[in-house]
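Participant: Input target11.cif, format and content: mmCIF, C-alpha atoms.
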```cif
data_start
loop_
_atom_site.group_PDB
_atom_site.id
_atom_site.type_symbol
_atom_site.label_atom_id
_atom_site.label_comp_id
_atom_site.auth_asym_id
_atom_site.auth_seq_id
_atom_site.Cartn_x
_atom_site.Cartn_y
_atom_site.Cartn_z
ATOM 1 C CA MET A 1 0.760 -13.645 19.595
ATOM 2 C CA SER A 2 0.669 -11.143 16.733
ATOM 3 C CA GLU A 3 3.121 -10.757 13.913
ATOM 4 C CA ILE A 4 4.188 -7.173 14.654
ATOM 5 C CA ILE A 5 5.713 -5.528 11.595
ATOM 6 C CA SER A 6 7.564 -2.212 11.750
ATOM 7 C CA VAL A 7 7.797 -0.473 8.377
ATOM 8 C CA VAL A 8 10.628 2.027 7.844
ATOM 9 C CA GLY A 9 12.290 3.924 5.015
ATOM 10 C CA ALA A 10 10.667 6.172 2.409
ATOM 11 C CA GLY A 11 8.832 6.067 -0.874
ATOM 12 C CA GLY A 12 5.539 4.287 -0.172
ATOM 13 C CA LYS A 13 5.310 3.048 3.453
ATOM 14 C CA THR A 14 1.648 3.895 3.983
ATOM 15 C CA THR A 15 0.500 2.462 0.652
ATOM 16 C CA PHE A 16 2.538 -0.698 1.283
ATOM 17 C CA ILE A 17 0.937 -1.151 4.717
ATOM 18 C CA GLU A 18 -2.575 -0.554 3.383
ATOM 19 C CA ASP A 19 -2.089 -2.993 0.499
ATOM 20 C CA CYS A 20 -0.754 -5.682 2.864
ATOM 21 C CA ALA A 21 -3.674 -5.100 5.231
ATOM 22 C CA GLN A 22 -6.210 -5.450 2.419
ATOM 23 C CA ASN A 23 -4.743 -8.801 1.376
ATOM 24 C CA LEU A 24 -4.292 -10.198 4.881
ATOM 25 C CA SER A 25 -7.730 -9.104 6.101
ATOM 26 C CA LYS A 26 -9.397 -11.629 3.831
ATOM 27 C CA PHE A 27 -8.640 -14.211 6.531
ATOM 28 C CA ASN A 28 -7.119 -12.287 9.474
ATOM 29 C CA ASP A 29 -7.746 -9.311 11.718
ATOM 30 C CA VAL A 30 -5.186 -6.594 11.028
ATOM 31 C CA LEU A 31 -4.369 -3.573 13.180
ATOM 32 C CA ILE A 32 -2.590 -0.510 11.766
ATOM 33 C CA SER A 33 -0.970 2.226 13.822
ATOM 34 C CA THR A 34 2.223 4.267 14.013
ATOM 35 C CA THR A 35 5.118 4.814 16.401
ATOM 36 C CA THR A 36 5.662 8.323 14.950
ATOM 37 C CA LYS A 37 2.910 10.141 13.031
ATOM 38 C CA MET A 38 0.737 8.897 10.186
ATOM 39 C CA ARG A 39 -1.913 10.451 7.953
ATOM 40 C CA LEU A 40 -5.520 9.845 8.939
ATOM 41 C CA PRO A 41 -6.851 6.841 6.998
ATOM 42 C CA LYS A 42 -9.163 7.283 4.055
ATOM 43 C CA LEU A 43 -12.623 5.733 4.263
ATOM 44 C CA ARG A 44 -12.022 2.744 2.031
ATOM 45 C CA LYS A 45 -8.875 1.744 3.914
ATOM 46 C CA TYR A 46 -10.400 0.442 7.154
ATOM 47 C CA ASP A 47 -13.362 -1.324 8.706
ATOM 48 C CA TYR A 48 -13.001 -0.021 12.270
ATOM 49 C CA LEU A 49 -11.321 2.807 14.128
ATOM 50 C CA ILE A 50 -10.254 2.570 17.768
ATOM 51 C CA MET A 51 -9.912 5.808 19.752
ATOM 52 C CA ASN A 52 -10.821 7.461 23.037
ATOM 53 C CA ARG A 53 -13.778 9.795 23.686
ATOM 54 C CA GLU A 54 -11.850 13.052 23.235
ATOM 55 C CA ASN A 55 -10.402 11.980 19.920
ATOM 56 C CA PHE A 56 -13.794 10.812 18.735
ATOM 57 C CA GLU A 57 -15.100 14.376 19.062
ATOM 58 C CA ILE A 58 -12.112 15.720 17.089
ATOM 59 C CA TYR A 59 -12.488 13.063 14.406
ATOM 60 C CA LYS A 60 -16.241 13.631 14.154
ATOM 61 C CA GLU A 61 -15.679 17.285 13.254
ATOM 62 C CA TYR A 62 -12.953 16.375 10.752
ATOM 63 C CA PHE A 63 -15.072 13.604 9.232
ATOM 64 C CA LEU A 64 -18.126 15.792 8.689
ATOM 65 C CA LYS A 65 -16.045 18.621 7.239
ATOM 66 C CA ASN A 66 -14.218 16.379 4.760
ATOM 67 C CA ASN A 67 -16.887 13.844 3.808
ATOM 68 C CA ILE A 68 -20.319 15.457 4.089
ATOM 69 C CA LEU A 69 -20.486 16.345 0.386
ATOM 70 C CA LYS A 70 -19.633 12.842 -0.792
ATOM 71 C CA SER A 71 -22.966 11.303 0.155
ATOM 72 C CA GLN A 72 -26.329 12.690 1.231
ATOM 73 C CA ASN A 73 -26.629 9.864 3.735
ATOM 74 C CA TYR A 74 -23.386 10.592 5.586
ATOM 75 C CA LEU A 75 -24.779 13.195 7.991
ATOM 76 C CA GLU A 76 -27.749 11.055 8.972
ATOM 77 C CA GLU A 77 -25.583 7.967 9.371
ATOM 78 C CA PHE A 78 -22.988 9.833 11.406
ATOM 79 C CA ILE A 79 -25.617 11.124 13.829
ATOM 80 C CA LEU A 80 -26.659 7.507 14.361
ATOM 81 C CA LEU A 81 -23.036 6.448 14.800
ATOM 82 C CA LYS A 82 -22.861 7.195 18.523
ATOM 83 C CA ASN A 83 -25.496 4.551 19.111
ATOM 84 C CA ARG A 84 -23.172 1.979 17.524
ATOM 85 C CA LEU A 85 -20.102 2.683 19.652
ATOM 86 C CA HIS A 86 -18.694 -0.209 21.659
ATOM 87 C CA TYR A 87 -15.988 -0.437 24.280
ATOM 88 C CA PHE A 88 -12.700 -2.244 23.854
ATOM 89 C CA ASN A 89 -10.384 -1.796 26.837
ATOM 90 C CA LYS A 90 -12.031 1.592 27.483
ATOM 91 C CA LYS A 91 -11.455 2.667 23.880
ATOM 92 C CA TYR A 92 -14.164 3.230 21.330
ATOM 93 C CA ILE A 93 -14.507 1.094 18.243
ATOM 94 C CA PHE A 94 -16.844 2.176 15.503
ATOM 95 C CA LYS A 95 -17.608 1.008 12.018
ATOM 96 C CA ASN A 96 -16.528 2.710 8.843
ATOM 97 C CA ILE A 97 -19.896 4.151 7.943
ATOM 98 C CA LYS A 98 -20.036 3.572 4.224
ATOM 99 C CA PHE A 99 -17.795 0.621 3.549
ATOM 100 C CA ALA A 100 -17.678 -1.623 6.632
ATOM 101 C CA LYS A 101 -18.606 -5.269 6.261
ATOM 102 C CA ILE A 102 -21.285 -6.837 8.444
ATOM 103 C CA CYS A 103 -19.889 -8.569 11.531
ATOM 104 C CA ILE A 104 -21.011 -9.840 14.919
ATOM 105 C CA ILE A 105 -20.776 -7.233 17.679
ATOM 106 C CA SER A 106 -21.566 -7.742 21.354
ATOM 107 C CA GLN A 107 -22.566 -4.873 23.632
ATOM 108 C CA LYS A 108 -19.102 -4.505 25.167
ATOM 109 C CA LYS A 109 -16.570 -5.661 22.642
ATOM 110 C CA VAL A 110 -16.007 -6.737 19.081
ATOM 111 C CA ASN A 111 -15.930 -10.472 18.537
ATOM 112 C CA PHE A 112 -12.414 -11.166 17.311
ATOM 113 C CA HIS A 113 -13.113 -14.816 16.509
ATOM 114 C CA LYS A 114 -14.560 -14.571 13.011
ATOM 115 C CA LYS A 115 -14.052 -16.535 9.827
ATOM 116 C CA ASN A 116 -13.196 -13.361 7.941
ATOM 117 C CA GLY A 117 -10.890 -10.603 9.078
ATOM 118 C CA TYR A 118 -11.145 -6.844 9.292
ATOM 119 C CA ILE A 119 -8.850 -3.837 9.225
ATOM 120 C CA TYR A 120 -8.593 -1.711 12.359
ATOM 121 C CA TYR A 121 -6.750 1.562 12.918
ATOM 122 C CA PHE A 122 -5.703 2.600 16.407
ATOM 123 C CA LEU A 123 -5.673 6.407 16.643
ATOM 124 C CA SER A 124 -3.842 7.229 19.856
ATOM 125 C CA GLU A 125 -4.070 10.998 19.409
ATOM 126 C CA ILE A 126 -5.548 12.931 16.500
ATOM 127 C CA LEU A 127 -3.573 15.931 15.224
ATOM 128 C CA ILE A 128 -5.441 18.182 12.819
ATOM 129 C CA GLY A 129 -3.939 21.481 11.694
ATOM 130 C CA LYS A 130 -3.949 23.651 8.603
ATOM 131 C CA SER A 131 -1.448 21.439 6.799
ATOM 132 C CA ASN A 132 -1.467 18.234 8.874
ATOM 133 C CA LYS A 133 -4.212 15.660 9.225
ATOM 134 C CA LYS A 134 -2.470 12.920 11.157
ATOM 135 C CA PHE A 135 -2.607 10.760 14.236
ATOM 136 C CA ALA A 136 0.176 10.238 16.735
ATOM 137 C CA HIS A 137 2.135 7.309 18.078
ATOM 138 C CA ILE A 138 1.085 4.164 19.854
ATOM 139 C CA THR A 139 3.181 3.275 22.904
ATOM 140 C CA ASP A 140 4.427 -0.177 23.841
ATOM 141 C CA GLU A 141 2.070 -0.043 26.833
ATOM 142 C CA GLN A 142 -0.867 0.512 24.496
ATOM 143 C CA LEU A 143 0.425 -2.162 22.146
ATOM 144 C CA GLU A 144 0.175 -4.611 25.061
ATOM 145 C CA LEU A 145 -3.618 -4.287 24.803
ATOM 146 C CA PHE A 146 -3.679 -5.455 21.197
ATOM 147 C CA LYS A 147 -0.766 -7.803 20.572
ATOM 148 C CA ASP A 148 -2.719 -10.952 21.458
ATOM 149 C CA LYS A 149 -5.955 -9.867 19.748
ATOM 150 C CA PHE A 150 -4.759 -9.471 16.152
ATOM 151 C CA GLU A 151 -2.980 -11.844 13.807
ATOM 152 C CA TYR A 152 -1.040 -8.952 12.243
ATOM 153 C CA ILE A 153 -0.106 -5.502 13.504
ATOM 154 C CA PHE A 154 1.543 -3.006 11.136
ATOM 155 C CA LEU A 155 3.371 -0.023 12.590
ATOM 156 C CA GLU A 156 4.516 2.848 10.405
ATOM 157 C CA SER A 157 7.748 3.533 12.268
ATOM 158 C CA ASP A 158 9.467 6.213 10.225
ATOM 159 C CA GLY A 159 8.816 9.528 8.505
ATOM 160 C CA ALA A 160 10.300 11.133 5.402
ATOM 161 C CA LYS A 161 8.272 14.337 4.830
ATOM 162 C CA GLY A 162 7.174 13.203 1.381
ATOM 163 C CA LYS A 163 10.665 12.324 0.104
ATOM 164 C CA SER A 164 11.258 9.018 -1.690
ATOM 165 C CA LEU A 165 14.594 8.208 -0.019
ATOM 166 C CA LYS A 166 15.973 8.995 3.402
ATOM 167 C CA PHE A 167 18.866 8.711 5.796
ATOM 168 C CA PRO A 168 17.665 8.317 9.403
ATOM 169 C CA LYS A 169 18.160 11.136 11.870
ATOM 170 C CA THR A 170 19.498 10.367 15.349
ATOM 171 C CA TYR A 171 16.012 9.785 16.821
ATOM 172 C CA GLU A 172 14.745 7.677 13.897
ATOM 173 C CA PRO A 173 13.217 5.210 13.299
ATOM 174 C CA VAL A 174 11.074 4.391 16.352
ATOM 175 C CA ILE A 175 10.900 0.598 16.599
ATOM 176 C CA SER A 176 8.623 -1.103 19.122
ATOM 177 C CA LYS A 177 10.262 -3.649 21.405
ATOM 178 C CA TYR A 178 7.550 -6.103 20.315
ATOM 179 C CA THR A 179 8.568 -5.971 16.645
ATOM 180 C CA THR A 180 8.939 -9.394 15.009
ATOM 181 C CA LYS A 181 9.777 -8.150 11.493
ATOM 182 C CA THR A 182 11.301 -4.929 10.171
ATOM 183 C CA ILE A 183 10.456 -4.049 6.575
ATOM 184 C CA ALA A 184 12.554 -1.294 4.986
ATOM 185 C CA ILE A 185 11.167 0.353 1.869
ATOM 186 C CA PHE A 186 12.913 2.310 -0.841
ATOM 187 C CA ASP A 187 11.710 3.637 -4.178
ATOM 188 C CA ILE A 188 13.823 1.986 -6.869
ATOM 189 C CA ASN A 189 13.125 4.893 -9.229
ATOM 190 C CA MET A 190 15.386 7.085 -7.098
ATOM 191 C CA ILE A 191 18.432 5.410 -8.672
ATOM 192 C CA GLY A 192 19.787 7.820 -11.261
ATOM 193 C CA LYS A 193 18.066 10.850 -9.710
ATOM 194 C CA GLN A 194 19.929 13.861 -8.362
ATOM 195 C CA ILE A 195 20.920 13.638 -4.689
ATOM 196 C CA LYS A 196 20.064 17.296 -4.133
ATOM 197 C CA ASP A 197 16.467 17.899 -3.016
ATOM 198 C CA ASN A 198 15.446 14.243 -3.414
ATOM 199 C CA ILE A 199 16.563 12.833 -0.055
ATOM 200 C CA TYR A 200 15.267 13.414 3.437
ATOM 201 C CA ASN A 201 18.212 14.289 5.716
ATOM 202 C CA GLU A 202 20.329 14.915 2.629
ATOM 203 C CA GLU A 203 23.340 16.298 4.523
ATOM 204 C CA GLU A 204 23.784 13.115 6.572
ATOM 205 C CA PHE A 205 23.202 10.969 3.479
ATOM 206 C CA VAL A 206 26.131 12.683 1.770
ATOM 207 C CA LYS A 207 28.272 12.504 4.903
ATOM 208 C CA ASN A 208 27.661 8.795 5.578
ATOM 209 C CA ILE A 209 26.987 7.303 2.152
ATOM 210 C CA VAL A 210 28.848 9.311 -0.472
ATOM 211 C CA SER A 211 32.643 9.245 -0.734
ATOM 212 C CA ASP A 212 34.904 12.067 0.433
ATOM 213 C CA ASN A 213 35.446 13.385 -3.084
ATOM 214 C CA PHE A 214 31.755 14.098 -3.548
ATOM 215 C CA GLU A 215 32.461 17.537 -4.988
ATOM 216 C CA ASN A 216 34.257 15.882 -7.890
ATOM 217 C CA GLU A 217 31.647 13.176 -8.494
ATOM 218 C CA GLU A 218 28.510 13.111 -10.577
ATOM 219 C CA LYS A 219 25.921 13.926 -7.925
ATOM 220 C CA ILE A 220 23.365 11.253 -8.657
ATOM 221 C CA ILE A 221 22.050 8.365 -6.572
ATOM 222 C CA SER A 222 23.690 5.082 -7.545
ATOM 223 C CA ILE A 223 22.974 1.444 -6.783
ATOM 224 C CA GLU A 224 26.166 1.429 -4.678
ATOM 225 C CA HIS A 225 24.788 4.289 -2.575
ATOM 226 C CA ILE A 226 21.591 2.334 -1.922
ATOM 227 C CA TYR A 227 23.514 -0.826 -1.076
ATOM 228 C CA LYS A 228 25.547 1.089 1.503
ATOM 229 C CA LEU A 229 22.398 2.719 2.889
ATOM 230 C CA ILE A 230 20.851 -0.728 3.342
ATOM 231 C CA THR A 231 23.855 -2.385 4.982
ATOM 232 C CA ILE A 232 25.509 0.191 7.259
ATOM 233 C CA LYS A 233 24.593 0.121 10.940
ATOM 234 C CA ASN A 234 22.930 3.546 11.070
ATOM 235 C CA GLY A 235 21.266 3.227 7.669
ATOM 236 C CA LEU A 236 17.923 1.935 6.455
ATOM 237 C CA PHE A 237 17.717 -0.917 9.004
ATOM 238 C CA LYS A 238 18.846 1.195 11.964
ATOM 239 C CA ASN A 239 17.272 -0.008 15.269
ATOM 240 C CA SER A 240 15.611 -2.907 13.446
ATOM 241 C CA LYS A 241 14.311 -5.932 15.350
ATOM 242 C CA GLY A 242 13.406 -9.419 14.217
ATOM 243 C CA GLU A 243 13.558 -10.555 10.623
ATOM 244 C CA LYS A 244 14.921 -7.992 8.137
ATOM 245 C CA ILE A 245 13.047 -7.590 4.857
ATOM 246 C CA LEU A 246 13.889 -5.132 2.092
ATOM 247 C CA CYS A 247 10.983 -4.017 -0.091
ATOM 248 C CA ILE A 248 12.038 -2.714 -3.497
ATOM 249 C CA ASN A 249 9.084 -0.477 -4.277
ATOM 250 C CA LYS A 250 7.651 0.807 -7.577
ATOM 251 C CA LEU A 251 9.489 -1.735 -9.695
ATOM 252 C CA LYS A 252 8.698 -1.448 -13.405
ATOM 253 C CA SER A 253 9.338 -4.094 -16.045
ATOM 254 C CA ASP A 254 13.159 -3.919 -15.840
ATOM 255 C CA TYR A 255 14.443 -6.512 -13.336
ATOM 256 C CA ASN A 256 18.159 -5.790 -13.875
ATOM 257 C CA VAL A 257 18.475 -3.570 -10.808
ATOM 258 C CA TYR A 258 16.514 -6.045 -8.680
ATOM 259 C CA ASN A 259 18.812 -8.883 -9.782
ATOM 260 C CA LYS A 260 21.871 -6.773 -8.914
ATOM 261 C CA PHE A 261 20.529 -6.094 -5.431
ATOM 262 C CA LYS A 262 19.704 -9.747 -4.936
ATOM 263 C CA LYS A 263 23.265 -10.720 -5.781
ATOM 264 C CA MET A 264 24.816 -7.933 -3.681
ATOM 265 C CA LEU A 265 22.780 -8.929 -0.615
ATOM 266 C CA GLU A 266 23.357 -12.696 -0.867
ATOM 267 C CA ALA A 267 25.873 -12.648 1.994
ATOM 268 C CA THR A 268 23.477 -10.833 4.344
ATOM 269 C CA ALA A 269 20.454 -12.073 6.267
ATOM 270 C CA ILE A 270 18.226 -9.558 4.497
ATOM 271 C CA GLN A 271 15.317 -10.946 2.500
ATOM 272 C CA ILE A 272 14.072 -9.093 -0.582
ATOM 273 C CA VAL A 273 10.511 -8.594 -1.750
ATOM 274 C CA ILE A 274 9.322 -6.454 -4.641
ATOM 275 C CA LYS A 275 6.273 -4.293 -5.139
ATOM 276 C CA LYS A 276 5.510 -3.415 -8.726
ATOM 277 C CA MET A 277 4.343 -0.010 -9.824
ATOM 278 C CA LYS A 278 0.605 0.006 -10.449
#
```
Now, as a test, write the supplied structure out as C-alpha cells.

Facilitator:
Amino acid sequence: MSEIISVVGAGGKTTFIEDCAQNLSKFNDVLISTTTKMRLPKLRKYDYLIMNRENFEIYKEYFLKNNILKSQNYLEEFILLKNRLHYFNKKYIFKNIKFAKICIISQKKVNFHKKNGYIYYFLSEILIGKSNKKFAHITDEQLELFKDKFEYIFLESDGAKGKSLKFPKTYEPVISKYTTKTIAIFDINMIGKQIKDNIYNEEEFVKNIVSDNFENEEKIISIEHIYKLITIKNGLFKNSKGEKILCINKLKSDYNVYNKFKKMLEATAIQIVIKKMK
C-alpha cells in the first residue's frame, strides 16, 4: 500500500513535491499527479510519464515545440520514442528522453521491483493553451490502478494562481479518499507583507481570519493570522485526511518565527517540518 500524500496551501507546492520525489526516488518508486491542475513537468523532474494515446499526441507536439532547440538529438530520439512505448493498464509509459536512467523493461509493463526507484508522472488529461501548459486531475478510480504499485504517491491537491498564501474557496482543496498524509504549505516570508494583492481568495481571508475592526488595523499579515489560518476548520487543513503536517517553506536563517509556531501548535496534532530557502 502506498503512502499517498496530498499537498495543499500555497507558496511552493510543486517545488516541494519535486524535491521530495527526487530524494525518495533514490530507493523508491514515486508517482506524482494532481487532483486539480498542475503544470506540465520539466524534463529533469521525471523518469517516466504515464498517459493515454490521445494525450501522447498532444504532448508530442508540445514537447517538440518547446524542446527541439535544446538538443540536436531530440528530434531523432523523439521519432524513435514510439518504438519504446509500453503498456501499463492500457496507459502508455515512456522514458524521459534525455535524462532517464537505465532500467529493466518488459514488453508489456515496467518492472516495479527494482533496487533503485524512479519518478513517474500520471497525466490524466493534457491542457495546453496560450497561457496554460498543465495537466488535469487524477480520479480515485484511476488512483486505484497505482496505489499498490508505488511506495509514494504525491498529489498536488490545491491551487493558488501564483499567490504565496491562500484561503480555500468552497470547492477547495480536492483531497483523495486514499490520502494517508496531508501536507499544508505556506511561505513564511508572507508574514509582514500587505494583505492586499498577496493572498488568493483575499476577501474570504479577511472575512474569516482578520478581526471585525480590520479597517482600523494595520493591514499586514501577522503570525496570529497564519496561526488562525492553520487551525480553523475551513482553513489551510480543510478537508484534510490522515496525518497533518505543516511545512514552513522558504525559511531563512532566522528561526524565531518557526519557534513561535512550534510553541503555538504544541496543543494540536499538527507536525511541523521546515524547508529552507535555497

Participant: What residues come out when you apply the PyMOL selection byres ((chain A and resi 157) around 9) to this file, written as a PyMOL selection string?

Facilitator: chain A and resi 6-9+33-37+137+155-156+158-159+172-176

Participant: I need the residues from that last selection saved to file as a compact mmCIF listing (two decimals), keeping the file's coordinate frame (with C-alpha atoms), if you can.

Facilitator:
```
# COMPACT_ATOMS: atom_id res chain seq x y z
CA SER A 6 7.56 -2.21 11.75
CA VAL A 7 7.80 -0.47 8.38
CA VAL A 8 10.63 2.03 7.84
CA GLY A 9 12.29 3.92 5.01
CA SER A 33 -0.97 2.23 13.82
CA THR A 34 2.22 4.27 14.01
CA THR A 35 5.12 4.81 16.40
CA THR A 36 5.66 8.32 14.95
CA LYS A 37 2.91 10.14 13.03
CA HIS A 137 2.13 7.31 18.08
CA LEU A 155 3.37 -0.02 12.59
CA GLU A 156 4.52 2.85 10.40
CA ASP A 158 9.47 6.21 10.22
CA GLY A 159 8.82 9.53 8.51
CA GLU A 172 14.74 7.68 13.90
CA PRO A 173 13.22 5.21 13.30
CA VAL A 174 11.07 4.39 16.35
CA ILE A 175 10.90 0.60 16.60
CA SER A 176 8.62 -1.10 19.12
```

Participant: Just so the selection is clear, what residues does the PyMOL selection byres ((chain A and resi 128) around 10) cover here, as a PDB file with C-alpha atoms, in the frame of the given file?

Facilitator:
```
ATOM      1  CA  ARG A  39      -1.913  10.451   7.953  1.00  0.00           C
ATOM      2  CA  LEU A  40      -5.520   9.845   8.939  1.00  0.00           C
ATOM      3  CA  ILE A  58     -12.112  15.720  17.089  1.00  0.00           C
ATOM      4  CA  TYR A  59     -12.488  13.063  14.406  1.00  0.00           C
ATOM      5  CA  TYR A  62     -12.953  16.375  10.752  1.00  0.00           C
ATOM      6  CA  GLU A 125      -4.070  10.998  19.409  1.00  0.00           C
ATOM      7  CA  ILE A 126      -5.548  12.931  16.500  1.00  0.00           C
ATOM      8  CA  LEU A 127      -3.573  15.931  15.224  1.00  0.00           C
ATOM      9  CA  GLY A 129      -3.939  21.481  11.694  1.00  0.00           C
ATOM     10  CA  LYS A 130      -3.949  23.651   8.603  1.00  0.00           C
ATOM     11  CA  SER A 131      -1.448  21.439   6.799  1.00  0.00           C
ATOM     12  CA  ASN A 132      -1.467  18.234   8.874  1.00  0.00           C
ATOM     13  CA  LYS A 133      -4.212  15.660   9.225  1.00  0.00           C
ATOM     14  CA  LYS A 134      -2.470  12.920  11.157  1.00  0.00           C
ATOM     15  CA  PHE A 135      -2.607  10.760  14.236  1.00  0.00           C
TER      16      PHE A 135
END
```

Participant: Hey, can you check how far atom CA of Ile272 of chain A sits from atom CA of Glu18 of chain A?

Facilitator: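 Atom CA of Glu18 of chain A lies at a distance of 19.1 Å from atom CA of Ile272 of chain A.
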
Participant: Have a look at atom CA of Phe154 of chain A and atom CA of Glu3 of chain A and let me know their distance in Å, one decimal.

Facilitator: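 Atom-to-atom, atom CA of Phe154 of chain A to atom CA of Glu3 of chain A, that is 8.4 Å.
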
Participant: Which distance in Å separates atom CA of Asp254 of chain A and atom CA of Ile274 of chain A, to one decimal?

Facilitator: 12.1 Å

Participant: When the PyMOL selection byres ((chain A and resi 140) around 8) is applied to the structure above, which residues does it catch, written out as a PyMOL selection string?

Facilitator: chain A and resi 138-139+141-144+176-178

Participant: Measuring atom to atom with only C-alpha atoms, identify which of A:Leu31, A:Pro168, A:Ser211, A:Ile223 is nearest to Met190 of chain A.

Facilitator: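 Among the listed residues, the smallest separation from Met190 of chain A belongs to A:Ile223.
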
Participant: Which residue out of A:Phe16, A:Tyr255, A:Phe186, A:Phe237 has the minimum interatomic distance to Ala269 of chain A when all atoms listed in the file are used?

Facilitator: A:Phe237

Participant: Quick one: of A:Asn28, A:Asn55, A:Ser253, A:Thr268, who's nearest to Leu123 of chain A, counting only C-alpha atoms?

Facilitator: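 Closest to Leu123 of chain A of all the choices is A:Asn55.
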
Participant: Counting only C-alpha atoms, which residue out of A:Leu145, A:Asn234, A:Ile188, A:Glu204 sits closest to Phe261 of chain A?

Facilitator: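 Of A:Leu145, A:Asn234, A:Ile188, A:Glu204, the one nearest Phe261 of chain A is A:Ile188, counting only C-alpha atoms.
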
Participant: Find the residues near Asn116 of chain A: any atom within 8 Å, counting all atoms listed in the file, skip ones fewer than 5 places away on the same chain, and give them as an MDAnalysis selection string.

Facilitator: chainID A and resid 25:29

Participant: With only C-alpha atoms as the counted atoms, please give the residues lying no more than 9 Å from Thr180 of chain A, apart from itself and same-chain residues fewer than 4 positions off, as a list in words.

Facilitator: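 Once the adjacent positions are removed, what remains is Ser2, Glu3, Ile4, Ile5, Ser6, Lys241, Gly242 and Glu243 of chain A.
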
Participant: Restricting the calculation to all atoms listed in the file: of A:Val257, A:Pro41, A:Ile248, A:Tyr121, which residue gets closest to Glu224 of chain A?

Facilitator: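 Among A:Val257, A:Pro41, A:Ile248, A:Tyr121, it is A:Val257 that comes nearest to Glu224 of chain A.
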